[in-house]
file my_file09.cif (mmCIF, C-alpha atoms)
data_model
loop_
_atom_site.label_atom_id
_atom_site.label_comp_id
_atom_site.auth_asym_id
_atom_site.auth_seq_id
_atom_site.Cartn_x
_atom_site.Cartn_y
_atom_site.Cartn_z
CA MET A 1 -16.91 -15.40 25.40
CA GLY A 2 -13.64 -17.28 25.93
CA HIS A 3 -10.00 -17.56 24.96
CA SER A 4 -7.06 -19.96 24.78
CA ARG A 5 -3.30 -19.45 24.76
CA ALA A 6 -2.56 -23.13 24.06
CA THR A 7 0.32 -23.62 21.63
CA GLU A 8 -1.03 -26.79 20.01
CA SER A 9 -3.60 -26.15 17.26
CA GLU A 10 -6.32 -28.62 18.26
CA ALA A 11 -6.08 -27.71 21.94
CA ALA A 12 -6.35 -23.99 21.19
CA GLY A 13 -9.48 -24.42 19.07
CA ARG A 14 -11.20 -26.67 21.59
CA GLU A 15 -10.32 -24.62 24.67
CA ALA A 16 -11.48 -21.30 23.22
CA VAL A 17 -14.81 -22.76 22.07
CA ARG A 18 -15.38 -24.63 25.33
CA ALA A 19 -14.83 -21.41 27.28
CA ALA A 20 -17.22 -19.51 25.01
CA LEU A 21 -19.95 -22.12 25.45
CA GLU A 22 -19.54 -21.92 29.25
CA GLY A 23 -21.67 -24.99 29.84
CA HIS A 24 -24.35 -24.04 27.28
CA GLN A 25 -25.58 -27.00 25.24
CA PRO A 26 -25.25 -25.69 21.68
CA THR A 27 -27.92 -26.15 19.04
CA ALA A 28 -27.69 -26.28 15.25
CA ALA A 29 -29.06 -22.73 15.13
CA ASP A 30 -26.20 -21.30 17.24
CA LEU A 31 -22.94 -19.90 15.89
CA VAL A 32 -19.50 -19.50 17.45
CA ILE A 33 -17.08 -16.85 16.18
CA LEU A 34 -13.44 -17.91 16.54
CA LEU A 35 -10.58 -15.46 15.94
CA THR A 36 -7.02 -16.78 15.99
CA SER A 37 -3.44 -15.64 15.58
CA ASP A 38 -1.92 -17.18 12.47
CA GLU A 39 0.88 -19.44 13.78
CA TYR A 40 -1.40 -22.46 14.06
CA ASP A 41 -2.30 -25.23 11.63
CA ILE A 42 -5.61 -23.57 10.78
CA GLU A 43 -7.21 -26.68 9.26
CA ARG A 44 -6.59 -28.68 12.46
CA LEU A 45 -7.62 -25.80 14.71
CA TYR A 46 -10.88 -25.29 12.83
CA ALA A 47 -11.72 -29.02 12.79
CA ALA A 48 -11.20 -29.22 16.56
CA ALA A 49 -13.33 -26.13 17.14
CA VAL A 50 -16.13 -27.52 14.97
CA ALA A 51 -16.08 -30.81 16.89
CA GLU A 52 -16.23 -28.98 20.22
CA ALA A 53 -19.09 -26.67 19.14
CA ALA A 54 -21.22 -29.29 17.36
CA PRO A 55 -23.97 -29.07 16.32
CA ALA A 56 -23.43 -25.28 16.29
CA GLY A 57 -21.53 -23.76 13.37
CA VAL A 58 -18.10 -22.13 13.74
CA PHE A 59 -16.77 -19.24 11.65
CA GLY A 60 -13.89 -16.81 11.90
CA CYS A 61 -10.48 -15.83 10.57
CA THR A 62 -6.83 -15.27 11.36
CA SER A 63 -5.75 -12.09 13.08
CA THR A 64 -2.94 -9.91 14.37
CA GLY A 65 -4.00 -11.01 17.85
CA GLY A 66 -7.28 -10.96 19.70
CA PHE A 67 -8.77 -9.65 22.93
CA THR A 68 -11.69 -9.88 25.31
CA HIS A 69 -12.84 -7.46 27.99
CA THR A 70 -10.63 -9.34 30.48
CA GLU A 71 -7.69 -10.59 28.39
CA GLN A 72 -5.22 -9.47 25.75
CA VAL A 73 -4.36 -12.48 23.54
CA PRO A 74 -1.61 -11.57 21.05
CA SER A 75 -0.93 -15.27 20.46
CA GLY A 76 -3.87 -17.64 20.76
CA CYS A 77 -7.62 -17.68 20.12
CA VAL A 78 -10.65 -15.75 21.29
CA ALA A 79 -14.21 -16.95 20.77
CA ALA A 80 -17.79 -15.90 21.45
CA LEU A 81 -21.14 -17.68 21.33
CA LEU A 82 -23.92 -16.19 19.22
CA ARG A 83 -26.92 -17.92 20.73
CA ALA A 84 -30.05 -18.30 18.62
CA ASP A 85 -33.30 -17.97 20.53
CA ASP A 86 -36.82 -16.62 20.14
CA GLU A 87 -35.35 -13.15 19.56
CA SER A 88 -32.49 -13.90 17.15
CA SER A 89 -31.53 -16.03 14.16
CA PHE A 90 -28.40 -16.41 12.03
CA GLY A 91 -27.45 -17.47 8.54
CA ILE A 92 -23.91 -18.10 7.33
CA SER A 93 -22.22 -18.53 3.97
CA HIS A 94 -18.51 -18.91 3.17
CA VAL A 95 -17.43 -18.66 -0.47
CA ALA A 96 -14.21 -18.46 -2.46
CA ARG A 97 -13.53 -15.03 -3.93
CA ALA A 98 -13.49 -14.68 -7.72
CA ASP A 99 -10.93 -11.94 -8.38
CA ASP A 100 -12.61 -10.99 -11.66
CA ASP A 101 -15.92 -10.45 -9.84
CA ILE A 102 -15.31 -9.76 -6.14
CA ALA A 103 -18.60 -7.89 -5.82
CA GLY A 104 -20.47 -10.81 -7.38
CA SER A 105 -18.82 -13.32 -5.04
CA THR A 106 -19.79 -11.19 -2.06
CA ARG A 107 -23.32 -10.67 -3.30
CA GLY A 108 -23.81 -14.43 -3.66
CA ALA A 109 -22.51 -15.09 -0.14
CA VAL A 110 -24.70 -12.39 1.40
CA GLU A 111 -27.81 -13.55 -0.44
CA GLN A 112 -27.27 -17.12 0.75
CA ALA A 113 -26.63 -16.03 4.34
CA ARG A 114 -29.78 -13.91 4.31
CA GLN A 115 -31.87 -16.78 2.99
CA ARG A 116 -30.52 -19.14 5.65
CA ALA A 117 -31.26 -16.64 8.44
CA GLY A 118 -34.91 -16.28 7.49
CA ASP A 119 -36.95 -13.13 7.93
CA ARG A 120 -38.95 -13.51 11.14
CA HIS A 121 -37.32 -10.57 12.99
CA PRO A 122 -37.51 -6.85 12.19
CA HIS A 123 -33.86 -5.86 12.80
CA SER A 124 -30.88 -7.14 10.80
CA VAL A 125 -27.16 -6.63 10.32
CA LEU A 126 -24.58 -8.24 8.05
CA LEU A 127 -21.27 -9.37 9.57
CA LEU A 128 -18.41 -9.72 7.03
CA LEU A 129 -15.00 -11.37 7.32
CA THR A 130 -12.75 -11.36 4.26
CA ASP A 131 -9.30 -12.49 3.17
CA GLY A 132 -6.58 -9.91 3.80
CA MET A 133 -5.13 -10.37 0.31
CA THR A 134 -8.36 -9.29 -1.43
CA PRO A 135 -7.25 -6.91 -4.22
CA ASP A 136 -9.76 -4.16 -3.33
CA GLN A 137 -12.07 -4.39 -0.31
CA ARG A 138 -14.30 -1.72 -1.86
CA GLU A 139 -15.61 -4.42 -4.17
CA VAL A 140 -16.60 -6.50 -1.16
CA ALA A 141 -18.53 -3.55 0.25
CA ARG A 142 -20.13 -2.91 -3.14
CA GLY A 143 -21.36 -6.50 -3.42
CA ALA A 144 -22.70 -6.44 0.13
CA TYR A 145 -24.52 -3.17 -0.48
CA GLU A 146 -26.31 -4.65 -3.49
CA VAL A 147 -28.11 -6.95 -1.02
CA THR A 148 -28.32 -4.86 2.15
CA THR A 149 -29.16 -1.61 0.31
CA ALA A 150 -29.23 1.45 2.57
CA LEU A 151 -31.64 -0.24 4.99
CA ILE A 152 -29.35 -2.85 6.56
CA PRO A 153 -25.97 -1.92 8.10
CA PHE A 154 -22.92 -4.11 7.74
CA VAL A 155 -19.85 -4.50 9.93
CA GLY A 156 -16.81 -6.74 10.23
CA GLY A 157 -13.10 -7.12 9.63
CA VAL A 158 -10.40 -8.27 7.25
CA ALA A 159 -8.35 -11.35 8.15
CA ALA A 160 -4.74 -10.65 9.11
CA ASP A 161 -1.38 -12.37 9.60
CA ASN A 162 0.54 -10.27 12.10
CA LEU A 163 1.44 -7.53 9.58
CA ARG A 164 3.42 -9.84 7.26
CA TRP A 165 0.99 -9.44 4.33
CA SER A 166 1.70 -13.01 3.22
CA GLN A 167 -1.35 -15.25 3.67
CA THR A 168 -4.55 -15.07 5.71
CA HIS A 169 -7.35 -17.54 6.34
CA THR A 170 -11.11 -17.38 6.75
CA PHE A 171 -13.17 -20.35 7.88
CA GLY A 172 -16.81 -21.26 8.18
CA ASP A 173 -19.54 -23.35 6.59
CA GLY A 174 -17.29 -26.41 6.94
CA ARG A 175 -14.12 -25.23 5.19
CA VAL A 176 -10.97 -23.13 5.44
CA LEU A 177 -10.01 -20.76 2.60
CA THR A 178 -7.13 -18.40 1.78
CA ASN A 179 -9.35 -16.40 -0.59
CA GLY A 180 -12.59 -16.49 1.34
CA ILE A 181 -15.53 -14.24 2.10
CA VAL A 182 -17.63 -15.06 5.18
CA ALA A 183 -21.10 -13.52 5.36
CA VAL A 184 -23.18 -13.87 8.53
CA TRP A 185 -26.70 -12.47 8.45
CA ILE A 186 -28.02 -11.65 11.92
CA ASN A 187 -31.71 -11.08 12.59
CA SER A 188 -32.96 -9.74 15.90
CA ALA A 189 -36.24 -8.82 17.54
CA THR A 190 -34.52 -5.79 19.11
CA PRO A 191 -32.28 -3.07 17.63
CA ILE A 192 -28.63 -3.82 16.80
CA GLY A 193 -25.82 -1.26 17.13
CA VAL A 194 -23.11 -0.62 14.52
CA SER A 195 -20.53 2.14 14.68
CA VAL A 196 -17.00 3.10 13.62
CA ASP A 197 -14.54 5.75 14.79
CA HIS A 198 -10.77 6.19 14.88
CA GLY A 199 -9.27 9.27 16.55
CA TRP A 200 -7.36 10.63 13.54
CA ARG A 201 -7.36 14.29 12.49
CA PRO A 202 -6.19 16.04 9.29
CA ALA A 203 -2.65 17.41 9.48
CA GLY A 204 -1.79 18.18 5.86
CA LYS A 205 -3.31 20.28 3.11
CA PRO A 206 -6.07 18.81 0.90
CA MET A 207 -4.64 17.07 -2.19
CA LEU A 208 -6.60 16.12 -5.31
CA VAL A 209 -6.22 12.60 -6.69
CA THR A 210 -5.40 13.41 -10.32
CA ARG A 211 -4.54 9.87 -11.46
CA ALA A 212 -5.46 6.57 -9.85
CA GLU A 213 -6.02 2.98 -10.86
CA GLY A 214 -7.51 0.46 -8.45
CA THR A 215 -5.68 0.72 -5.14
CA VAL A 216 -2.75 2.66 -6.63
CA VAL A 217 -2.74 6.46 -6.54
CA HIS A 218 -0.27 7.62 -9.20
CA GLU A 219 -0.63 11.39 -8.90
CA LEU A 220 -1.72 13.93 -6.28
CA ASP A 221 -2.18 17.52 -7.45
CA GLY A 222 -0.49 16.47 -10.69
CA MET A 223 2.68 15.35 -8.87
CA PRO A 224 3.98 11.82 -8.33
CA ALA A 225 1.85 10.66 -5.42
CA LEU A 226 4.77 9.41 -3.30
CA ASP A 227 6.58 12.75 -3.55
CA ALA A 228 3.41 14.68 -2.67
CA TYR A 229 2.67 12.37 0.26
CA LEU A 230 6.19 12.56 1.70
CA ALA A 231 6.21 16.35 1.41
CA GLU A 232 2.99 16.53 3.46
CA GLN A 233 4.11 13.80 5.83
CA GLY A 234 6.75 16.25 6.96
CA GLY A 235 9.47 13.85 8.01
CA THR A 236 12.76 12.69 6.59
CA LEU A 237 11.41 9.28 5.70
CA GLU A 238 12.91 7.58 2.65
CA PRO A 239 11.00 5.00 0.58
CA THR A 240 14.06 2.72 0.78
CA ASP A 241 13.87 2.64 4.58
CA ALA A 242 13.57 -0.99 5.70
CA GLU A 243 10.84 0.04 8.15
CA PHE A 244 9.01 2.33 5.72
CA PHE A 245 5.67 0.54 6.16
CA LEU A 246 5.77 0.66 9.96
CA LYS A 247 6.78 4.31 9.97
CA VAL A 248 4.06 5.51 7.59
CA MET A 249 1.41 3.90 9.81
CA SER A 250 1.54 7.05 11.91
CA SER A 251 0.67 9.16 8.83
CA PRO A 252 -2.21 7.57 6.88
CA VAL A 253 -4.42 9.59 4.56
CA GLY A 254 -8.03 10.58 5.14
CA LEU A 255 -11.00 11.13 2.83
CA SER A 256 -13.86 13.31 4.01
CA ASN A 257 -17.18 11.45 4.11
CA ALA A 258 -20.87 12.33 4.06
CA ARG A 259 -21.02 12.54 7.87
CA GLY A 260 -18.43 15.32 7.99
CA ARG A 261 -15.79 12.93 9.29
CA TYR A 262 -12.85 11.17 7.65
CA ASP A 263 -12.42 7.63 6.35
CA VAL A 264 -8.80 6.57 6.89
CA ARG A 265 -6.61 4.75 4.34
CA GLN A 266 -3.21 3.24 5.17
CA LEU A 267 -0.35 2.93 2.71
CA HIS A 268 0.45 -0.64 1.72
CA ALA A 269 3.79 -2.22 2.50
CA TYR A 270 4.71 -2.46 -1.18
CA LEU A 271 5.24 0.69 -3.24
CA PRO A 272 4.48 0.46 -6.96
CA ASP A 273 6.96 1.54 -9.61
CA GLY A 274 6.72 5.04 -11.01
CA GLY A 275 6.31 7.13 -7.87
CA GLY A 276 2.81 6.08 -6.84
CA VAL A 277 1.46 4.91 -3.49
CA ASN A 278 -0.47 1.70 -2.96
CA LEU A 279 -3.34 2.01 -0.51
CA ASN A 280 -5.03 -0.91 1.23
CA ILE A 281 -8.32 0.26 -0.26
CA GLY A 282 -8.86 1.87 -3.63
CA VAL A 283 -9.47 5.60 -4.02
CA SER A 284 -11.25 7.17 -6.98
CA GLU A 285 -9.86 9.98 -9.10
CA GLN A 286 -11.00 13.48 -8.05
CA SER A 287 -11.10 12.40 -4.41
CA ILE A 288 -9.55 14.73 -1.85
CA LEU A 289 -6.88 13.25 0.43
CA GLN A 290 -5.21 14.71 3.49
CA VAL A 291 -2.36 13.30 5.55
CA MET A 292 -3.64 12.49 9.03
CA SER A 293 -2.08 12.51 12.50
CA THR A 294 -3.04 11.34 15.97
CA ASP A 295 -1.72 10.50 19.43
CA ASP A 296 -2.38 7.79 22.00
CA GLU A 297 -5.17 9.62 23.78
CA ALA A 298 -6.99 10.46 20.55
CA LEU A 299 -6.83 6.83 19.34
CA ILE A 300 -8.19 5.55 22.63
CA GLU A 301 -10.92 8.17 22.70
CA GLY A 302 -11.91 7.22 19.14
CA ALA A 303 -12.42 3.62 20.25
CA ARG A 304 -14.47 4.81 23.23
CA ARG A 305 -16.72 6.89 20.95
CA ALA A 306 -17.29 3.91 18.64
CA ALA A 307 -18.45 1.77 21.56
CA ARG A 308 -20.64 4.54 22.98
CA GLU A 309 -22.35 5.14 19.65
CA ALA A 310 -22.98 1.42 19.03
CA VAL A 311 -24.59 0.70 22.41
CA GLY A 312 -26.55 3.94 22.14
CA GLN A 313 -28.49 2.38 19.27
CA LEU A 314 -29.77 -0.49 21.43
CA SER A 315 -33.09 -0.56 23.27
CA GLY A 316 -31.52 -2.15 26.36
CA PRO A 317 -28.20 -3.40 27.73
CA ALA A 318 -25.80 -5.08 25.31
CA ARG A 319 -25.52 -8.88 25.56
CA LEU A 320 -22.30 -9.16 23.54
CA VAL A 321 -20.05 -6.67 21.75
CA LEU A 322 -17.82 -7.69 18.84
CA VAL A 323 -14.93 -5.33 18.05
CA PHE A 324 -12.83 -5.08 14.89
CA SER A 325 -9.76 -2.91 15.55
CA CYS A 326 -7.11 -2.27 12.92
CA GLY A 327 -3.79 -4.08 13.28
CA SER A 328 -1.99 -0.80 12.59
CA ARG A 329 -3.18 0.42 15.99
CA VAL A 330 -1.11 -2.30 17.72
CA PRO A 331 2.33 -0.77 16.99
CA LEU A 332 0.90 2.75 17.22
CA LEU A 333 -0.41 2.26 20.75
CA GLY A 334 2.37 -0.11 21.82
CA GLU A 335 2.18 -0.78 25.55
CA ARG A 336 -1.09 1.16 25.71
CA ILE A 337 -2.97 -1.20 23.38
CA ARG A 338 -4.88 -2.65 26.34
CA ASP A 339 -6.13 0.85 27.19
CA GLU A 340 -8.17 0.79 23.98
CA VAL A 341 -10.11 -2.28 25.14
CA VAL A 342 -10.55 -0.78 28.61
CA ALA A 343 -11.99 2.37 27.04
CA ILE A 344 -14.42 0.32 24.93
CA SER A 345 -15.51 -1.74 27.94
CA SER A 346 -16.10 1.40 30.00
CA GLU A 347 -19.08 2.21 27.76
CA LEU A 348 -20.74 -1.21 27.90
CA ASP A 349 -22.11 -1.64 31.44
CA GLY A 350 -20.33 -4.96 31.90
CA ALA A 351 -21.22 -6.58 28.56
CA PRO A 352 -18.68 -9.16 27.35
CA VAL A 353 -16.31 -8.11 24.55
CA CYS A 354 -14.66 -10.26 21.89
CA GLY A 355 -12.52 -8.83 19.10
CA PHE A 356 -9.43 -8.97 16.92
CA TYR A 357 -6.86 -6.81 15.15
CA THR A 358 -7.59 -6.66 11.44
CA PHE A 359 -6.18 -5.71 8.04
CA GLY A 360 -9.17 -3.39 7.57
CA GLU A 361 -12.63 -2.79 8.96
CA PHE A 362 -16.16 -2.81 7.57
CA ALA A 363 -18.81 -0.52 9.02
CA ARG A 364 -21.63 1.07 7.07
CA THR A 365 -24.60 2.73 8.66
CA THR A 366 -25.26 5.41 6.02
CA GLY A 367 -24.23 5.72 2.38
CA SER A 368 -22.92 2.97 0.14
CA SER A 369 -19.30 2.87 1.31
CA GLY A 370 -18.17 1.30 4.56
CA VAL A 371 -14.50 0.27 4.30
CA HIS A 372 -11.95 1.64 6.78
CA ASN A 373 -8.34 1.45 7.96
CA SER A 374 -6.78 2.35 11.31
CA SER A 375 -10.27 2.45 12.80
CA VAL A 376 -12.40 0.59 15.34
CA ALA A 377 -15.69 -0.93 14.17
CA VAL A 378 -18.16 -2.13 16.80
CA LEU A 379 -21.15 -4.47 16.64
CA ALA A 380 -23.37 -4.38 19.74
CA LEU A 381 -25.96 -7.15 20.13
#
call {"tool": "encode", "arguments": {"input": "my_file09.cif", "output": "structure tokens"}}
result
Amino acid sequence: MGHSRATESEAAGREAVRAALEGHQPTAADLVILLTSDEYDIERLYAAAVAEAAPAGVFGCTSTGGFTHTEQVPSGCVAALLRADDESSFGISHVARADDDIAGSTRGAVEQARQRAGDRHPHSVLLLLTDGMTPDQREVARGAYEVTTALIPFVGGVAADNLRWSQTHTFGDGRVLTNGIVAVWINSATPIGVSVDHGWRPAGKPMLVTRAEGTVVHELDGMPALDAYLAEQGGTLEPTDAEFFLKVMSSPVGLSNARGRYDVRQLHAYLPDGGGVNLNIGVSEQSILQVMSTDDEALIEGARRAAREAVGQLSGPARLVLVFSCGSRVPLLGERIRDEVVAISSELDGAPVCGFYTFGEFARTTGSSGVHNSSVAVLAL
């Protein structure tokens, strides 16, 4: 695990990778995950990282800042070495998304990653990184599930750009894309831990989605969705408010799931015409939504629970923990954002942590869904 706060693109990529390698002589079977804030020349940063890690592969994406168990890196890079050995193997694929068949693009990437990883170990997990401008991340999860089925969990995060919703980058397999899907298949001789939690609780009455299309909910309980949402949100917020997006972050909506918990969905920055709300992830008609609320302590405790559950699935101490925390939690926690990482680390018995702030999280351990907002997804290796 390592990081860099260098301001020059090539220096940042090299320094973060060099710190992650920590003197280890990489092999072609190794991988390095590199997560970077988006102010750099990503092509140059990635090329420098690849040169530093060679012959190991490098993959990653842009973020709303990164972190390790020792450092908060709002501007810069964090990196971690995934070392192949007798007990682990990796396969990677990075493809361009076809917007008319997002699930098919994902399925192809996952199948190729799985083939490259081989099948000599009994435990597997799929790590996904996707472009933040993907029209509906549910389609990514659907394509992944067609390969993993219910037997293999998946986890990961959505590339970000510091909450501007303009352009994000993924990189891996020798190229940088602004419409990419990175699939990394991980095989292990020992169990792998995957978990997700958030710290949100329902605050409003249940509302039925009576009309929806893609990521846009047009009606709730037969009313214009924006009117229904604002009534439950309980504030004096106006849709014309210049900071509408930042203010609604504290009041996302939740959908009950099969585990008796809630999957959280944030409102998108851009409201559609006609009184609807645009969610980061699509919601089907006849779903039940509730406005959610939280506080600092609950958010931090949700992150702690995610870490505890992930390492609880291992057969021994964790070697490395990758964390995918939603970028919406950065303004929500403010000066306490570091407390979230401290809470995660408190459950790991000293294992190194590497993570970033995302535009959405992937984590599926049961069922066929697995897309989240305002949550913390954890992969324990």
call {"tool": "closest_atom_pairs", "arguments": {"input": "my_file09.cif", "of": "stretch 47-157 of chain A", "to": "stretch 360-376 of chain A", "cutoff": "6 Å", "atoms": "only C-alpha atoms", "output": "tab-separated table"}}
result
residue	atom	partner	partner_atom	distance
A:Pro153	CA	A:Thr365	CA	4.9
A:Phe154	CA	A:Arg364	CA	5.4
A:Val155	CA	A:Ala363	CA	4.2
A:Gly156	CA	A:Phe362	CA	4.8
A:Gly157	CA	A:Glu361	CA	4.4
call {"tool": "residues_around", "arguments": {"input": "my_file09.cif", "residues": "A:Pro252", "least_positions_apart": "5", "cutoff": "10 Å", "atoms": "only C-alpha atoms", "output": "JSON, numbers by chain"}}
result
{"A": [200, 202, 229, 233, 264, 265, 266, 267, 279, 289, 290, 291, 292, 293, 294, 373, 374]}
call {"tool": "closest_atom_pairs", "arguments": {"input": "my_file09.cif", "of": "stretch 86-196 of chain A", "to": "stretch 298-312 of chain A", "cutoff": "7 Å", "atoms": "all atoms listed in the file", "output": "tab-separated table"}}
result
residue	atom	partner	partner_atom	distance
A:Gly193	CA	A:Ala310	CA	4.3
A:Val194	CA	A:Ala310	CA	5.0
A:Ser195	CA	A:Ala310	CA	5.0
A:Val196	CA	A:Ala306	CA	5.1
call {"tool": "residues_around", "arguments": {"input": "my_file09.cif", "residues": "A:Gly355", "least_positions_apart": "6", "cutoff": "8 Å", "atoms": "all atoms listed in the file", "output": "PyMOL selection string"}}
result
chain A and resi 35+66-68+78+322-325
call {"tool": "residues_around", "arguments": {"input": "my_file09.cif", "residues": "A:Ala84", "least_positions_apart": "6", "cutoff": "10 Å", "atoms": "only C-alpha atoms", "output": "ChimeraX atom specification"}}
result
/A:26-31,56,90,186-188
call {"tool": "closest_atom_pairs", "arguments": {"input": "my_file09.cif", "of": "stretch 280-345 of chain A", "to": "stretch 215-225 of chain A", "cutoff": "7 Å", "atoms": "all atoms listed in the file", "output": "Markdown table"}}
result
| residue | atom | partner | partner_atom | distance |
| --- | --- | --- | --- | --- |
| A:Asn280 | CA | A:Thr215 | CA | 6.6 |
| A:Ile281 | CA | A:Thr215 | CA | 5.6 |
| A:Gly282 | CA | A:Thr215 | CA | 3.7 |
| A:Val283 | CA | A:Thr215 | CA | 6.3 |
call {"tool": "residues_around", "arguments": {"input": "my_file09.cif", "residues": "stretch 61-64 of chain A", "least_positions_apart": "3", "cutoff": "8 Å", "atoms": "all atoms listed in the file", "output": "list in words"}}
result
Leu34, Leu35, Thr36, Ser37, Asp38, Pro74, Leu129, Ala159, Ala160, Asp161, Asn162, Leu163, Thr168, His169, Thr170, Phe171, Gly327, Phe356, Tyr357 and Thr358 of chain A
call {"tool": "resolve_selection", "arguments": {"input": "my_file09.cif", "expression": "the PyMOL selection byres ((chain A and resi 190) around 9)", "output": "compact mmCIF listing (two decimals) with C-alpha atoms, keeping the file's coordinate frame"}}
result
# COMPACT_ATOMS: atom_id res chain seq x y z
CA GLU A 87 -35.35 -13.15 19.56
CA SER A 88 -32.49 -13.90 17.15
CA HIS A 121 -37.32 -10.57 12.99
CA PRO A 122 -37.51 -6.85 12.19
CA HIS A 123 -33.86 -5.86 12.80
CA ASN A 187 -31.71 -11.08 12.59
CA SER A 188 -32.96 -9.74 15.90
CA ALA A 189 -36.24 -8.82 17.54
CA PRO A 191 -32.28 -3.07 17.63
CA ILE A 192 -28.63 -3.82 16.80
CA LEU A 314 -29.77 -0.49 21.43
CA SER A 315 -33.09 -0.56 23.27
CA GLY A 316 -31.52 -2.15 26.36
CA LEU A 381 -25.96 -7.15 20.13
call {"tool": "closest_residue", "arguments": {"input": "my_file09.cif", "among": "A:Val147, A:Ser345, A:Leu177, A:Pro352", "to": "A:Gly132", "atoms": "only C-alpha atoms"}}
result
A:Leu177
call {"tool": "closest_residue", "arguments": {"input": "my_file09.cif", "among": "A:Ser284, A:Gln72, A:Ser4, A:Thr148", "to": "A:Ile337", "atoms": "all atoms listed in the file"}}
result
A:Gln72
call {"tool": "closest_residue", "arguments": {"input": "my_file09.cif", "among": "A:His69, A:Arg114, A:Tyr145, A:Gly23", "to": "A:Glu347", "atoms": "all atoms listed in the file"}}
result
A:His69
call {"tool": "closest_residue", "arguments": {"input": "my_file09.cif", "among": "A:Arg164, A:Arg336, A:His94, A:Arg5", "to": "A:His268", "atoms": "all atoms listed in the file"}}
result
A:Arg164
call {"tool": "resolve_selection", "arguments": {"input": "my_file09.cif", "expression": "the PyMOL selection byres ((chain A and resi 95) around 6)", "output": "list in words"}}
result
His94, Ala96, Gly180 and Ile181 of chain A
call {"tool": "atom_distance", "arguments": {"input": "my_file09.cif", "atom1": "atom CA of A:Asp136", "atom2": "atom CA of A:Val353"}}
result
28.9 Å
call {"tool": "resolve_selection", "arguments": {"input": "my_file09.cif", "expression": "the PyMOL selection byres ((chain A and resi 102) around 9)", "output": "PDB file with C-alpha atoms, keeping the file's coordinate frame"}}
result
ATOM      1  CA  ARG A  97     -13.530 -15.030  -3.930  1.00  0.00           C
ATOM      2  CA  ALA A  98     -13.490 -14.680  -7.720  1.00  0.00           C
ATOM      3  CA  ASP A  99     -10.930 -11.940  -8.380  1.00  0.00           C
ATOM      4  CA  ASP A 100     -12.610 -10.990 -11.660  1.00  0.00           C
ATOM      5  CA  ASP A 101     -15.920 -10.450  -9.840  1.00  0.00           C
ATOM      6  CA  ALA A 103     -18.600  -7.890  -5.820  1.00  0.00           C
ATOM      7  CA  GLY A 104     -20.470 -10.810  -7.380  1.00  0.00           C
ATOM      8  CA  SER A 105     -18.820 -13.320  -5.040  1.00  0.00           C
ATOM      9  CA  THR A 106     -19.790 -11.190  -2.060  1.00  0.00           C
ATOM     10  CA  ARG A 107     -23.320 -10.670  -3.300  1.00  0.00           C
ATOM     11  CA  THR A 134      -8.360  -9.290  -1.430  1.00  0.00           C
ATOM     12  CA  PRO A 135      -7.250  -6.910  -4.220  1.00  0.00           C
ATOM     13  CA  ASP A 136      -9.760  -4.160  -3.330  1.00  0.00           C
ATOM     14  CA  GLN A 137     -12.070  -4.390  -0.310  1.00  0.00           C
ATOM     15  CA  GLU A 139     -15.610  -4.420  -4.170  1.00  0.00           C
ATOM     16  CA  VAL A 140     -16.600  -6.500  -1.160  1.00  0.00           C
ATOM     17  CA  ARG A 142     -20.130  -2.910  -3.140  1.00  0.00           C
ATOM     18  CA  GLY A 143     -21.360  -6.500  -3.420  1.00  0.00           C
TER      19      GLY A 143
END
call {"tool": "closest_residue", "arguments": {"input": "my_file09.cif", "among": "A:Asp296, A:Asp173, A:Val378, A:Gly204", "to": "A:Glu335", "atoms": "all atoms listed in the file"}}
result
A:Asp296
call {"tool": "closest_residue", "arguments": {"input": "my_file09.cif", "among": "A:Leu81, A:Val176, A:Val110, A:Met133", "to": "A:Ala47", "atoms": "all atoms listed in the file"}}
result
A:Val176
